[in-house]
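S.K.: Quick one: the structure is below, questions incoming.
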Protein chains: 2
Amino acid sequence: MLTLQSGLKLGPITLAYETYGTLNADRSNAILICHALSGDAHAAGYHAGDKKPGWWDVMIGPGKALDTNEYFIICSNIIGGCKGSTGPASIDPQTKKPYGLSFPVVTIKDMVVAQKYLIDHLGIKKLLSVAGGSIGGMQVLEWSVLFPETVRSAIVIATNTGHTAQQIAFHEVGRQAIMSDPNWNNGDYYGKVNPSNGVALARMVGHITYMSAESMDNKFGRQLIDKERVGFDFSQDFQVEGYLKYRGDSFVQRFDANSYLYITKAADYFNLAENKSLVEVFKRTAEFFLVLTFTSDWLYPTHQLKDMIKALKINDVDVTSCEINSSYGHDSFLIECNEQESLVKNFLKKVRKEKKGHA
Amino acid sequence: MLTLQSGLKLGPITLAYETYGTLNADRSNAILICHALSGDAHAAGYHAGDKKPGWWDVMIGPGKALDTNEYFIICSNIIGGCKGSTGPASIDPQTKKPYGLSFPVVTIKDMVVAQKYLIDHLGIKKLLSVAGGSIGGMQVLEWSVLFPETVRSAIVIATNTGHTAQQIAFHEVGRQAIMSDPNWNNGDYYGKVNPSNGVALARMVGHITYMSAESMDNKFGRQLIDKERVGFDFSQDFQVEGYLKYRGDSFVQRFDANSYLYITKAADYFNLAENKSLVEVFKRTAEFFLVLTFTSDWLYPTHQLKDMIKALKINDVDVTSCEINSSYGHDSFLIECNEQESLVKNFLKKVRKEKKGHA
């Protein structure tokens, strides 16, 4: 039974997770991966019948940055999600019906507390690293200050220590799109009609913020969909319109509308320095930080982490921060990228070496 | 009867317009103002009972940049709009019912052709200037190349010569929001229930793009709405959420859903260099250009007009371009701004002087 940040209780809970590689004898090679808004526990490799690998397959595998010959990689789906962990679509043991909106609002901290039970369950006293981007990066930050004794190093990618007004605003538009869909029915749509239009709209807005203006122009420009000229009607004329529609419609198939509400709300509530300064927050934290941002990420731009990096340095934490050149916007961290791979690989090598030095 | 770019015909048409100042004896002091997406003919001053003045009152009036002691200012509502000019909410003379979606899709060029009839009707052979920002700026550009003999100078503000994929994408989300609202009813909602949710959502998305991340943070940050702590529910917690909702809901009261579709489509279709280069396009155009952009405008950023400015210079057009320091994002051109006012004032002074020199 979890006692949540709201004061409410939730339990029993289920956490879906996957692992890659082998836990070594002294259980010192474990790395926890935290996923972003629409991610899941399936971070790498292929499940039977899959056409696409897990969401961070570019980073996780033998010889890759998160080398499964060296490390034991754990990825857990977050609570509030819809990919196997307890969330609003799960059956409430009290009522034997899906929770819907009776599921309590969870926070990034609640997600991390749940993950801590998993790490304890796996018998791991100390994680070599916790890594994640975007909302995954928020979990990494929360881990680093909530359980500093459990986290040797933190890999924080393309995120923020607390959402800005603009970041909240984009999320709120997505939530309003879902809640305006009559099929949403105040969250009670399971076994009925899905609020597909609302979810697709939310995803369309989100997707624009995950790409850069440059990558959209490189990919689509003003190219028409298989037409000789514009249609002079309200069908979709431009490839970018068709692409957004496709992304929206396919998201509907794989994601629960209520989970979208719960996870975006958790991200908006996240504020590492709620009642104190970042310098105070980081008084006890992981020993090593790698902070990565991307030149074209306008949703979580580099400058927003300046104060965090300074606060870590003031606390004499070993911080490496790099802005990676990439035109792919916020999604850069999910895309094959030599710079990100080398930086993570080298950082982990250093953390292991220094650890051995201390031992 | 207008023959539209689509080949369809529309007419008879009505254009709503307002004028400020006095047309001089040789009719040489007229300036046409073109409005943006949600604007109208009421650019300056107060109508009886108004609490707010017209949308560009900061710029238009005695002693102001567009000095009504010197100039005769004309502002016309665009066709396709819903503020007095013929648009989808107008009565179709054939059916005696509102057009709805049977209204033909109009383009920026069609809007300008309609405005040309107004200028002819007012007996004006040559406009001293045509000025506008955003979609208004697109009309200015169209005027300058479609009727170069009628336009002495062009004031082009915070716009683009053709929408990028990202600019199209944001508009398409707004359109999908409206068309997903069941009350939209394929455009046939007049006299029935308004598609208010869809229109409010479209406006919320739009509004985020009109502000800068910085101005949102300065105005709202993470401030809560009249609460001691977050609500741990899906009501609105943050002031920025309440503000967006307010902007969305108040827009519903004053704007027609179908007009939103028609005008955004016109903007997305606009592409000054459709079948040729910008250098070719500007072979015949206005004599003088003033091009203004704003440092914090991420929707229509400065760099997008570089090629246009170069193409004008290659054609030996007298171009002044300035990037104005402002934190207000795309909306900067609507907000009191000394730099914009001085630049427009000085530009018009120069155009008038040079004109006298030529005479």
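Scheme for the structure tokens: letters A, B, ... for chains in order shown; per-chain residue numbers from 1; ligand numbers from 1 in order shown.
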Give me, as a PyMOL selection string, the contact residues of chain B against chain A at a cut-off of 6 Å, counting only C-alpha atoms.

M.R.: chain B and resi 105+165-166+213+216-217+221+232

S.K.: Please provide as a list of chain:residue names all residues within 8 Å of Ile13 (chain B), with the sequence filter that same-chain residues fewer than 5 positions apart are discarded (counting only C-alpha atoms).

M.R.: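 Returned residues: B:Met1, B:Leu2, B:Ser85, B:Thr86.
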
S.K.: Compile the contact shell of Asn69 (chain A) as a PDB file with N, CA and C atoms, in the first residue's frame: residues with an atom at most 9 Å away, counting only C-alpha atoms, same-chain residues fewer than 5 positions apart removed.

M.R.:
```pdb
ATOM      1  N   GLY A  21      20.358  -7.870 -19.756  1.00  0.00           N
ATOM      2  CA  GLY A  21      21.680  -8.113 -19.181  1.00  0.00           C
ATOM      3  C   GLY A  21      21.555  -8.899 -17.879  1.00  0.00           C
ATOM      4  N   THR A  22      22.652  -9.019 -17.165  1.00  0.00           N
ATOM      5  CA  THR A  22      22.703  -9.884 -15.977  1.00  0.00           C
ATOM      6  C   THR A  22      23.190  -9.095 -14.763  1.00  0.00           C
ATOM      7  N   GLY A  61      21.724  -2.378 -25.219  1.00  0.00           N
ATOM      8  CA  GLY A  61      22.001  -3.649 -25.896  1.00  0.00           C
ATOM      9  C   GLY A  61      23.492  -3.964 -25.816  1.00  0.00           C
ATOM     10  N   PRO A  62      23.881  -5.129 -26.320  1.00  0.00           N
ATOM     11  CA  PRO A  62      25.297  -5.510 -26.260  1.00  0.00           C
ATOM     12  C   PRO A  62      26.154  -4.510 -27.039  1.00  0.00           C
ATOM     13  N   GLY A  63      27.150  -3.943 -26.364  1.00  0.00           N
ATOM     14  CA  GLY A  63      28.049  -2.995 -27.013  1.00  0.00           C
ATOM     15  C   GLY A  63      27.511  -1.586 -27.135  1.00  0.00           C
TER      16      GLY A  63
END
```

S.K.: Within 7 Å of region 137-141 of chain A, counting only C-alpha atoms, which residues qualify if same-chain residues fewer than 4 places away don't, as a ChimeraX atom specification?

M.R.: /A:34,108,112,130-133,145,154,156-157,159-161
